[in-house]
Amino acid sequence: MLAFAKPSVRWWIGAAGLTFACAGIFLARPSVSHAEPELLIAQTPTSAVSDVMTTPQIVGAASCAATACHGATERGGNARGSEYSRWMLGDPHLNAYTVLRNERSRTIAKNLQKRLVAGWTTLYGKAPTKFVEAHEAQVCLDCHAPRPESGDTLGFIKTHPELQLSYGLGCESCHGPASKWLSEHTTVGWKGLPLEKKEALGFINTDNLTGRARSCVQCHIGAADREVNHDLIAAGHPRLAFEFSAFHALLPHHWREFSPGQDKDKNKAFEARAWVIGQVISAQQSLKLLELRAGTPKFLDGTDRQWPEFTEYDCYACHHDLQSASWRRKEFANWKSAGTLYRRPGDLPWGSWYLSSLSLAAGDKLPAATLDKLLQKPQADAAALAAAPATLEQLMNRPSVANKPEIAKMAKEAVKDLDTVLAALEAMPNEDIATVKAKMTAIAGDPTKLAGSDWDHAGQTLLALQAMYHALYDLDHAEHNPTRNAALAELVKLLEFQASPNSYLDSPNNFSPEEYRKALMNVRDSLSK
């Protein structure tokens, strides 16, 4: 078996600390009703109740389960007709609701309650008196259960027991509420129906890779009504570190990776395209969330948002062993001696996960002006760094309340810029072997990444190389060879968390950027063999 056969390699990253599972999403503060101040974690809807006569409604995954529909057993290598069956046999979204009843979820809810009692008392004049279990809390259900248009998930569950919440996130969580298109999509005329008319019925087009990724990031990165902040992570919730191509590869495929009527050979480099689109969509969604955090002063319950919001930053910049031989200090010394200072000691490293590979993914489709507004360029010393034109990264590395309006403005502008980038990327032809190899070489040898590497940068680099490597294999099996396998395996080893004596920190304390850079060069060299 190949050392990097799908999907075993990608599963490693979960063991390293990035949970590649259906991560639960809470709101940063409870979405409360002022009429019910005794509830700490609210059960009230997060959006206005819609007209049920005109708004598409959830009908439940069981509506797709008939053998003649999507519940058949596999028909050869074609997923068509067996989508529901494949989902039932191993999709992690199936357990999204049931995990809310386990001990970890209960502990998270209890810890969150302890953290928020003081704020609740200030807001309402008395402490909360009722504890709400995670499986009944709206802030959990927003991403762990089918989401009705009313937003009142708990009320919807209680009045629609036929939905079987044990199914977790079912078909409609990705494909849209089906009340208006369930019957129509079985007809001959459905295929010829314009997409805009399908969407008007509540249908979500997941054939389009951009649309598919945008559906994922609503929960796996966050949105206006679904957000994981530092309070939630401190309470025990997993960090959300999403990378579309890796998450996608770990799912049991119940779809075809080419459009109907398309020659399958023309889309063999699917994983390469998934990484490119996923990087841009993820960066864009993280910027939308930043715009919300910087531009919206209060949570849904009326309490003030805290600033800075630490989930915007590299977790391990704070959560690490305090030792004199720290690799972080060595990196700063290397930058200073090379005259390539990226930030000052003590500055918060912003955007190290979602923005670290954006320029590599978008390539020449990302305007230099956009990149200049986003990311800090290296400078010769701290004085030059401070005097450089303000970028979004510079403002975030030194966050202040005074800068919040400018941060929100710049984030909003970047979101619009990335829409243009996505349109250009979607119009590009599918990658061939030469294109994929060139992208791998750029990823492994990018001088900016090599100079400014931290664990988040390195983790994204590994996931990028894996996506490209699998694309190479799909294009030509002969492109897998022992030298490349060994080079990539070394990257995995260098990113693993090592247990420290007497340490409870789940942190890459033994990570060495210098060793990782050497291993990256081995990957680059293997591409020429």
# chains A, B, ... in the order shown; residues from 1 in each chain; ligands from 1
$ residues_around --residues "Tyr342 of chain A" --least-positions-apart "3" --cutoff "10 Å" --atoms "only C-alpha atoms" --output "JSON, numbers by chain"
{"A": [332, 335, 336, 339, 345, 347, 349, 375, 376, 377, 378, 379, 380, 381, 382, 385, 394, 448, 451, 452]}
$ write_last_selection --atoms "N, CA, C and O atoms" --output "compact mmCIF listing (two decimals), in the first residue's frame"
# COMPACT_ATOMS: atom_id res chain seq x y z
N PHE A 332 12.73 34.81 15.93
CA PHE A 332 12.88 36.26 15.95
C PHE A 332 14.33 36.68 15.74
O PHE A 332 14.62 37.64 15.04
N TRP A 335 15.12 36.30 12.07
CA TRP A 335 14.54 37.39 11.28
C TRP A 335 15.37 38.66 11.42
O TRP A 335 15.67 39.33 10.43
N LYS A 336 15.75 38.95 12.65
CA LYS A 336 16.48 40.19 12.91
C LYS A 336 17.84 40.18 12.21
O LYS A 336 18.23 41.17 11.58
N GLY A 339 17.45 40.68 8.52
CA GLY A 339 16.81 41.91 8.09
C GLY A 339 15.43 41.68 7.51
O GLY A 339 15.00 42.41 6.61
N PRO A 345 8.64 41.32 18.68
CA PRO A 345 8.40 40.39 19.78
C PRO A 345 7.25 40.88 20.64
O PRO A 345 7.18 42.06 21.00
N ASP A 347 4.09 40.99 19.59
CA ASP A 347 2.93 41.21 18.73
C ASP A 347 2.14 39.92 18.56
O ASP A 347 2.72 38.83 18.47
N PRO A 349 0.34 37.19 16.55
CA PRO A 349 0.40 36.73 15.15
C PRO A 349 -0.99 36.43 14.61
O PRO A 349 -1.60 35.42 14.93
N LEU A 375 -1.59 41.67 4.07
CA LEU A 375 -0.49 41.06 4.80
C LEU A 375 0.71 41.99 4.93
O LEU A 375 1.04 42.74 4.01
N GLN A 376 1.36 41.88 6.08
CA GLN A 376 2.53 42.70 6.38
C GLN A 376 3.75 42.22 5.60
O GLN A 376 4.04 41.03 5.54
N LYS A 377 4.47 43.15 5.01
CA LYS A 377 5.72 42.81 4.33
C LYS A 377 6.86 42.87 5.34
O LYS A 377 6.83 43.66 6.28
N PRO A 378 7.89 42.04 5.15
CA PRO A 378 9.02 42.07 6.08
C PRO A 378 9.77 43.39 6.00
O PRO A 378 9.83 44.02 4.95
N GLN A 379 10.32 43.79 7.14
CA GLN A 379 11.08 45.04 7.21
C GLN A 379 12.44 44.78 7.86
O GLN A 379 12.65 43.75 8.50
N ALA A 380 13.34 45.75 7.72
CA ALA A 380 14.71 45.56 8.21
C ALA A 380 14.80 45.55 9.73
O ALA A 380 15.61 44.84 10.30
N ASP A 381 13.95 46.34 10.39
CA ASP A 381 14.01 46.41 11.85
C ASP A 381 12.65 46.85 12.39
O ASP A 381 11.72 47.12 11.63
N ALA A 382 12.56 46.93 13.71
CA ALA A 382 11.28 47.25 14.35
C ALA A 382 10.79 48.64 13.98
O ALA A 382 9.59 48.87 13.81
N LEU A 385 9.36 48.52 10.57
CA LEU A 385 8.10 47.78 10.62
C LEU A 385 6.98 48.68 11.12
O LEU A 385 5.86 48.67 10.58
N GLN A 394 -1.03 44.19 10.12
CA GLN A 394 -0.36 45.06 11.08
C GLN A 394 -1.33 45.58 12.13
O GLN A 394 -1.02 45.61 13.32
N THR A 448 8.65 33.35 1.46
CA THR A 448 7.92 34.03 2.53
C THR A 448 7.52 33.04 3.61
O THR A 448 7.68 33.27 4.81
N ALA A 451 10.48 31.95 5.63
CA ALA A 451 11.00 32.95 6.55
C ALA A 451 10.09 33.15 7.75
O ALA A 451 10.54 33.46 8.84
N GLY A 452 8.78 33.01 7.54
CA GLY A 452 7.84 33.34 8.60
C GLY A 452 7.10 32.15 9.16
O GLY A 452 5.98 32.28 9.66
$ residues_around --residues "Ala274 of chain A" --least-positions-apart "3" --cutoff "10 Å" --atoms "only C-alpha atoms" --output "list of chain:residue names"
A:Leu209, A:Thr210, A:Arg212, A:Ala213, A:Glu243, A:Phe244, A:Ser245, A:Ala246, A:His248, A:Ala249, A:Ala269, A:Phe270, A:Glu271, A:Ile277, A:Gly278, A:Gln279, A:Ala467, A:Met468, A:Ala471
$ select_by_dssp --residues "segment 436-510 of chain A" --states "helix (DSSP H, G or I)" --output "PyMOL selection string"
chain A and resi 436-445+447-451+455-475+477-479+482-495
$ residues_around --residues "Ile233 of chain A" --least-positions-apart "3" --cutoff "10 Å" --atoms "only C-alpha atoms" --output "list in words"
Phe26, Ala28, Ile108, Leu112, Val228, Asn229, His230, Gly236, His237, Pro238, Arg239, Leu240, Phe310 and Thr311 of chain A
$ write_last_selection --atoms "C-alpha atoms" --output "short mmCIF file (atom, residue, chain, number, x, y, z; two decimals), in the first residue's frame"
data_model
loop_
_atom_site.label_atom_id
_atom_site.label_comp_id
_atom_site.auth_asym_id
_atom_site.auth_seq_id
_atom_site.Cartn_x
_atom_site.Cartn_y
_atom_site.Cartn_z
CA PHE A 26 -21.57 27.85 20.05
CA ALA A 28 -19.85 33.69 21.83
CA ILE A 108 -18.27 22.43 28.05
CA LEU A 112 -19.27 28.13 29.83
CA VAL A 228 -16.85 29.94 18.31
CA ASN A 229 -14.91 32.47 20.33
CA HIS A 230 -12.27 32.26 23.02
CA GLY A 236 -13.37 23.06 26.26
CA HIS A 237 -14.72 23.40 22.74
CA PRO A 238 -12.27 22.29 20.01
CA ARG A 239 -10.50 24.98 18.06
CA LEU A 240 -11.96 25.42 14.58
CA PHE A 310 -8.20 35.76 20.62
CA THR A 311 -9.57 33.12 18.25
#
$ residues_around --residues "Ile407 of chain A" --least-positions-apart "6" --cutoff "10 Å" --atoms "only C-alpha atoms" --output "PyMOL selection string"
chain A and resi 287+290-291+293-295+391-396+399-401+413
$ write_last_selection --atoms "N, CA, C and O atoms" --output "tab-separated table (two decimals), in the first residue's frame"
chain	number	residue	atom	x	y	z
A	287	LEU	N	-12.49	36.46	7.02
A	287	LEU	CA	-12.53	37.92	6.95
A	287	LEU	C	-13.94	38.44	7.21
A	287	LEU	O	-14.11	39.50	7.82
A	290	LEU	N	-14.22	38.35	10.88
A	290	LEU	CA	-13.46	39.45	11.46
A	290	LEU	C	-14.21	40.76	11.33
A	290	LEU	O	-14.25	41.57	12.27
A	291	GLU	N	-14.81	40.99	10.17
A	291	GLU	CA	-15.61	42.21	9.98
A	291	GLU	C	-16.72	42.28	11.01
A	291	GLU	O	-16.99	43.35	11.60
A	293	ARG	N	-16.78	40.79	14.00
A	293	ARG	CA	-16.24	40.97	15.35
A	293	ARG	C	-15.74	42.39	15.60
A	293	ARG	O	-15.91	42.93	16.70
A	294	ALA	N	-15.15	42.98	14.58
A	294	ALA	CA	-14.63	44.34	14.75
A	294	ALA	C	-15.71	45.40	14.55
A	294	ALA	O	-15.63	46.48	15.13
A	295	GLY	N	-16.71	45.09	13.74
A	295	GLY	CA	-17.71	46.09	13.38
A	295	GLY	C	-19.00	46.01	14.15
A	295	GLY	O	-19.84	46.90	14.05
A	391	THR	N	-1.28	47.63	7.14
A	391	THR	CA	-2.03	46.56	6.51
A	391	THR	C	-3.00	46.00	7.53
A	391	THR	O	-2.92	46.31	8.73
A	392	LEU	N	-3.93	45.17	7.08
A	392	LEU	CA	-4.85	44.54	8.01
A	392	LEU	C	-4.09	43.70	9.03
A	392	LEU	O	-4.41	43.69	10.22
A	393	GLU	N	-3.06	43.00	8.57
A	393	GLU	CA	-2.26	42.19	9.48
A	393	GLU	C	-1.57	43.05	10.53
A	393	GLU	O	-1.53	42.70	11.72
A	394	GLN	N	-1.03	44.19	10.12
A	394	GLN	CA	-0.36	45.06	11.08
A	394	GLN	C	-1.33	45.58	12.13
A	394	GLN	O	-1.02	45.61	13.32
A	395	LEU	N	-2.53	45.98	11.71
A	395	LEU	CA	-3.52	46.46	12.66
A	395	LEU	C	-3.95	45.36	13.62
A	395	LEU	O	-4.17	45.60	14.81
A	396	MET	N	-4.07	44.13	13.10
A	396	MET	CA	-4.48	43.02	13.95
A	396	MET	C	-3.35	42.54	14.86
A	396	MET	O	-3.59	42.06	15.96
A	399	PRO	N	-3.66	45.03	18.11
A	399	PRO	CA	-5.08	45.40	18.15
A	399	PRO	C	-5.37	46.46	19.21
A	399	PRO	O	-4.83	46.44	20.30
A	400	SER	N	-6.22	47.40	18.85
A	400	SER	CA	-6.70	48.40	19.80
A	400	SER	C	-8.15	48.72	19.46
A	400	SER	O	-8.58	48.52	18.32
A	401	VAL	N	-8.87	49.17	20.43
A	401	VAL	CA	-10.28	49.53	20.21
A	401	VAL	C	-10.38	50.63	19.16
A	401	VAL	O	-11.30	50.65	18.33
A	413	GLU	N	-13.58	45.17	2.57
A	413	GLU	CA	-13.02	45.39	1.23
A	413	GLU	C	-12.34	44.13	0.72
A	413	GLU	O	-12.45	43.79	-0.47
$ closest_residue --among "A:Asn95, A:Thr461, A:Thr186, A:Gln466" --to "Gly81 of chain A" --atoms "only C-alpha atoms"
A:Thr186
$ closest_residue --among "A:Asp225, A:Asp304, A:Asp432, A:Glu406" --to "Gln138 of chain A" --atoms "only C-alpha atoms"
A:Asp225
$ decode --residues "segment 398-512 of chain A" --atoms "C-alpha atoms" --output "PDB file, in the first residue's frame"
ATOM      1  CA  ARG A 398      -1.347  45.340  17.480  1.00  0.00           C
ATOM      2  CA  PRO A 399      -5.083  45.403  18.153  1.00  0.00           C
ATOM      3  CA  SER A 400      -6.700  48.397  19.800  1.00  0.00           C
ATOM      4  CA  VAL A 401     -10.279  49.527  20.208  1.00  0.00           C
ATOM      5  CA  ALA A 402      -9.449  52.654  18.209  1.00  0.00           C
ATOM      6  CA  ASN A 403      -8.518  50.541  15.193  1.00  0.00           C
ATOM      7  CA  LYS A 404     -11.705  48.453  15.154  1.00  0.00           C
ATOM      8  CA  PRO A 405     -13.585  50.569  12.568  1.00  0.00           C
ATOM      9  CA  GLU A 406     -10.611  50.522  10.196  1.00  0.00           C
ATOM     10  CA  ILE A 407     -10.178  46.771  10.693  1.00  0.00           C
ATOM     11  CA  ALA A 408     -13.850  46.146   9.884  1.00  0.00           C
ATOM     12  CA  LYS A 409     -13.608  48.380   6.799  1.00  0.00           C
ATOM     13  CA  MET A 410     -10.472  46.677   5.477  1.00  0.00           C
ATOM     14  CA  ALA A 411     -11.889  43.213   6.102  1.00  0.00           C
ATOM     15  CA  LYS A 412     -15.045  44.100   4.180  1.00  0.00           C
ATOM     16  CA  GLU A 413     -13.021  45.391   1.235  1.00  0.00           C
ATOM     17  CA  ALA A 414     -10.932  42.212   1.175  1.00  0.00           C
ATOM     18  CA  VAL A 415     -14.068  40.062   1.085  1.00  0.00           C
ATOM     19  CA  LYS A 416     -15.213  41.875  -2.066  1.00  0.00           C
ATOM     20  CA  ASP A 417     -11.767  41.548  -3.630  1.00  0.00           C
ATOM     21  CA  LEU A 418     -11.801  37.788  -3.065  1.00  0.00           C
ATOM     22  CA  ASP A 419     -15.130  37.478  -4.898  1.00  0.00           C
ATOM     23  CA  THR A 420     -13.295  38.673  -8.009  1.00  0.00           C
ATOM     24  CA  VAL A 421     -10.458  36.226  -7.342  1.00  0.00           C
ATOM     25  CA  LEU A 422     -12.915  33.323  -7.027  1.00  0.00           C
ATOM     26  CA  ALA A 423     -14.584  34.190 -10.316  1.00  0.00           C
ATOM     27  CA  ALA A 424     -11.185  34.153 -12.053  1.00  0.00           C
ATOM     28  CA  LEU A 425     -10.200  30.833 -10.447  1.00  0.00           C
ATOM     29  CA  GLU A 426     -13.469  29.164 -11.425  1.00  0.00           C
ATOM     30  CA  ALA A 427     -12.866  30.112 -15.056  1.00  0.00           C
ATOM     31  CA  MET A 428      -9.434  28.458 -15.128  1.00  0.00           C
ATOM     32  CA  PRO A 429      -8.990  25.085 -16.863  1.00  0.00           C
ATOM     33  CA  ASN A 430      -8.477  21.969 -14.767  1.00  0.00           C
ATOM     34  CA  GLU A 431      -4.940  21.355 -13.585  1.00  0.00           C
ATOM     35  CA  ASP A 432      -2.628  18.934 -15.382  1.00  0.00           C
ATOM     36  CA  ILE A 433       0.481  17.171 -14.057  1.00  0.00           C
ATOM     37  CA  ALA A 434       2.799  20.067 -14.883  1.00  0.00           C
ATOM     38  CA  THR A 435       0.524  22.586 -13.177  1.00  0.00           C
ATOM     39  CA  VAL A 436       0.171  20.487 -10.034  1.00  0.00           C
ATOM     40  CA  LYS A 437       3.932  19.911  -9.799  1.00  0.00           C
ATOM     41  CA  ALA A 438       4.577  23.614 -10.251  1.00  0.00           C
ATOM     42  CA  LYS A 439       2.124  24.388  -7.446  1.00  0.00           C
ATOM     43  CA  MET A 440       3.785  21.827  -5.165  1.00  0.00           C
ATOM     44  CA  THR A 441       7.192  23.320  -5.904  1.00  0.00           C
ATOM     45  CA  ALA A 442       5.906  26.808  -5.081  1.00  0.00           C
ATOM     46  CA  ILE A 443       4.327  25.599  -1.842  1.00  0.00           C
ATOM     47  CA  ALA A 444       7.443  23.729  -0.711  1.00  0.00           C
ATOM     48  CA  GLY A 445       9.849  26.480  -1.723  1.00  0.00           C
ATOM     49  CA  ASP A 446       7.975  29.693  -1.008  1.00  0.00           C
ATOM     50  CA  PRO A 447      10.529  32.065   0.570  1.00  0.00           C
ATOM     51  CA  THR A 448       7.918  34.025   2.531  1.00  0.00           C
ATOM     52  CA  LYS A 449       6.578  30.880   4.147  1.00  0.00           C
ATOM     53  CA  LEU A 450      10.082  29.662   4.896  1.00  0.00           C
ATOM     54  CA  ALA A 451      11.004  32.953   6.552  1.00  0.00           C
ATOM     55  CA  GLY A 452       7.842  33.338   8.601  1.00  0.00           C
ATOM     56  CA  SER A 453       6.966  29.764   9.466  1.00  0.00           C
ATOM     57  CA  ASP A 454       5.122  28.816  12.635  1.00  0.00           C
ATOM     58  CA  TRP A 455       3.140  25.674  13.375  1.00  0.00           C
ATOM     59  CA  ASP A 456      -0.043  26.971  11.717  1.00  0.00           C
ATOM     60  CA  HIS A 457       1.829  27.945   8.553  1.00  0.00           C
ATOM     61  CA  ALA A 458       3.553  24.576   8.551  1.00  0.00           C
ATOM     62  CA  GLY A 459       0.305  22.670   9.077  1.00  0.00           C
ATOM     63  CA  GLN A 460      -1.339  24.429   6.157  1.00  0.00           C
ATOM     64  CA  THR A 461       1.716  23.697   4.017  1.00  0.00           C
ATOM     65  CA  LEU A 462       1.452  19.995   4.763  1.00  0.00           C
ATOM     66  CA  LEU A 463      -2.261  19.885   3.935  1.00  0.00           C
ATOM     67  CA  ALA A 464      -1.607  21.747   0.682  1.00  0.00           C
ATOM     68  CA  LEU A 465       1.134  19.330  -0.350  1.00  0.00           C
ATOM     69  CA  GLN A 466      -1.070  16.364   0.505  1.00  0.00           C
ATOM     70  CA  ALA A 467      -3.896  17.685  -1.673  1.00  0.00           C
ATOM     71  CA  MET A 468      -1.515  18.205  -4.585  1.00  0.00           C
ATOM     72  CA  TYR A 469       0.107  14.816  -4.041  1.00  0.00           C
ATOM     73  CA  HIS A 470      -3.239  13.040  -4.201  1.00  0.00           C
ATOM     74  CA  ALA A 471      -4.092  15.005  -7.335  1.00  0.00           C
ATOM     75  CA  LEU A 472      -0.826  13.822  -8.905  1.00  0.00           C
ATOM     76  CA  TYR A 473      -1.725  10.240  -8.058  1.00  0.00           C
ATOM     77  CA  ASP A 474      -5.161  10.614  -9.653  1.00  0.00           C
ATOM     78  CA  LEU A 475      -3.593  12.083 -12.786  1.00  0.00           C
ATOM     79  CA  ASP A 476      -0.918   9.414 -13.031  1.00  0.00           C
ATOM     80  CA  HIS A 477      -0.334   6.642 -10.475  1.00  0.00           C
ATOM     81  CA  ALA A 478       3.342   6.586 -11.428  1.00  0.00           C
ATOM     82  CA  GLU A 479       3.784  10.016  -9.833  1.00  0.00           C
ATOM     83  CA  HIS A 480       3.808   8.353  -6.413  1.00  0.00           C
ATOM     84  CA  ASN A 481       7.263   7.153  -5.532  1.00  0.00           C
ATOM     85  CA  PRO A 482       9.164   6.167  -2.352  1.00  0.00           C
ATOM     86  CA  THR A 483      11.245   9.360  -2.295  1.00  0.00           C
ATOM     87  CA  ARG A 484       8.199  11.643  -2.199  1.00  0.00           C
ATOM     88  CA  ASN A 485       6.427   9.369   0.252  1.00  0.00           C
ATOM     89  CA  ALA A 486       9.370   9.557   2.637  1.00  0.00           C
ATOM     90  CA  ALA A 487       9.711  13.340   2.264  1.00  0.00           C
ATOM     91  CA  LEU A 488       6.047  13.944   3.065  1.00  0.00           C
ATOM     92  CA  ALA A 489       6.098  11.438   5.914  1.00  0.00           C
ATOM     93  CA  GLU A 490       8.934  13.442   7.492  1.00  0.00           C
ATOM     94  CA  LEU A 491       6.747  16.571   7.470  1.00  0.00           C
ATOM     95  CA  VAL A 492       4.041  14.672   9.330  1.00  0.00           C
ATOM     96  CA  LYS A 493       6.526  13.543  11.949  1.00  0.00           C
ATOM     97  CA  LEU A 494       7.863  17.056  12.507  1.00  0.00           C
ATOM     98  CA  LEU A 495       4.370  18.480  13.101  1.00  0.00           C
ATOM     99  CA  GLU A 496       3.254  15.920  15.659  1.00  0.00           C
ATOM    100  CA  PHE A 497       2.728  17.135  19.197  1.00  0.00           C
ATOM    101  CA  GLN A 498       5.226  15.619  21.609  1.00  0.00           C
ATOM    102  CA  ALA A 499       4.284  15.103  25.236  1.00  0.00           C
ATOM    103  CA  SER A 500       6.406  17.123  27.653  1.00  0.00           C
ATOM    104  CA  PRO A 501       7.284  15.930  31.168  1.00  0.00           C
ATOM    105  CA  ASN A 502       5.011  17.509  33.778  1.00  0.00           C
ATOM    106  CA  SER A 503       3.205  19.485  31.058  1.00  0.00           C
ATOM    107  CA  TYR A 504      -0.531  19.601  30.401  1.00  0.00           C
ATOM    108  CA  LEU A 505      -0.214  21.854  27.374  1.00  0.00           C
ATOM    109  CA  ASP A 506      -1.567  20.500  24.095  1.00  0.00           C
ATOM    110  CA  SER A 507       0.941  22.524  22.131  1.00  0.00           C
ATOM    111  CA  PRO A 508       3.671  21.982  19.511  1.00  0.00           C
ATOM    112  CA  ASN A 509       6.402  22.864  21.994  1.00  0.00           C
ATOM    113  CA  ASN A 510       8.986  20.707  20.182  1.00  0.00           C
ATOM    114  CA  PHE A 511       8.237  22.071  16.722  1.00  0.00           C
ATOM    115  CA  SER A 512      11.320  23.327  14.887  1.00  0.00           C
TER     116      SER A 512
END
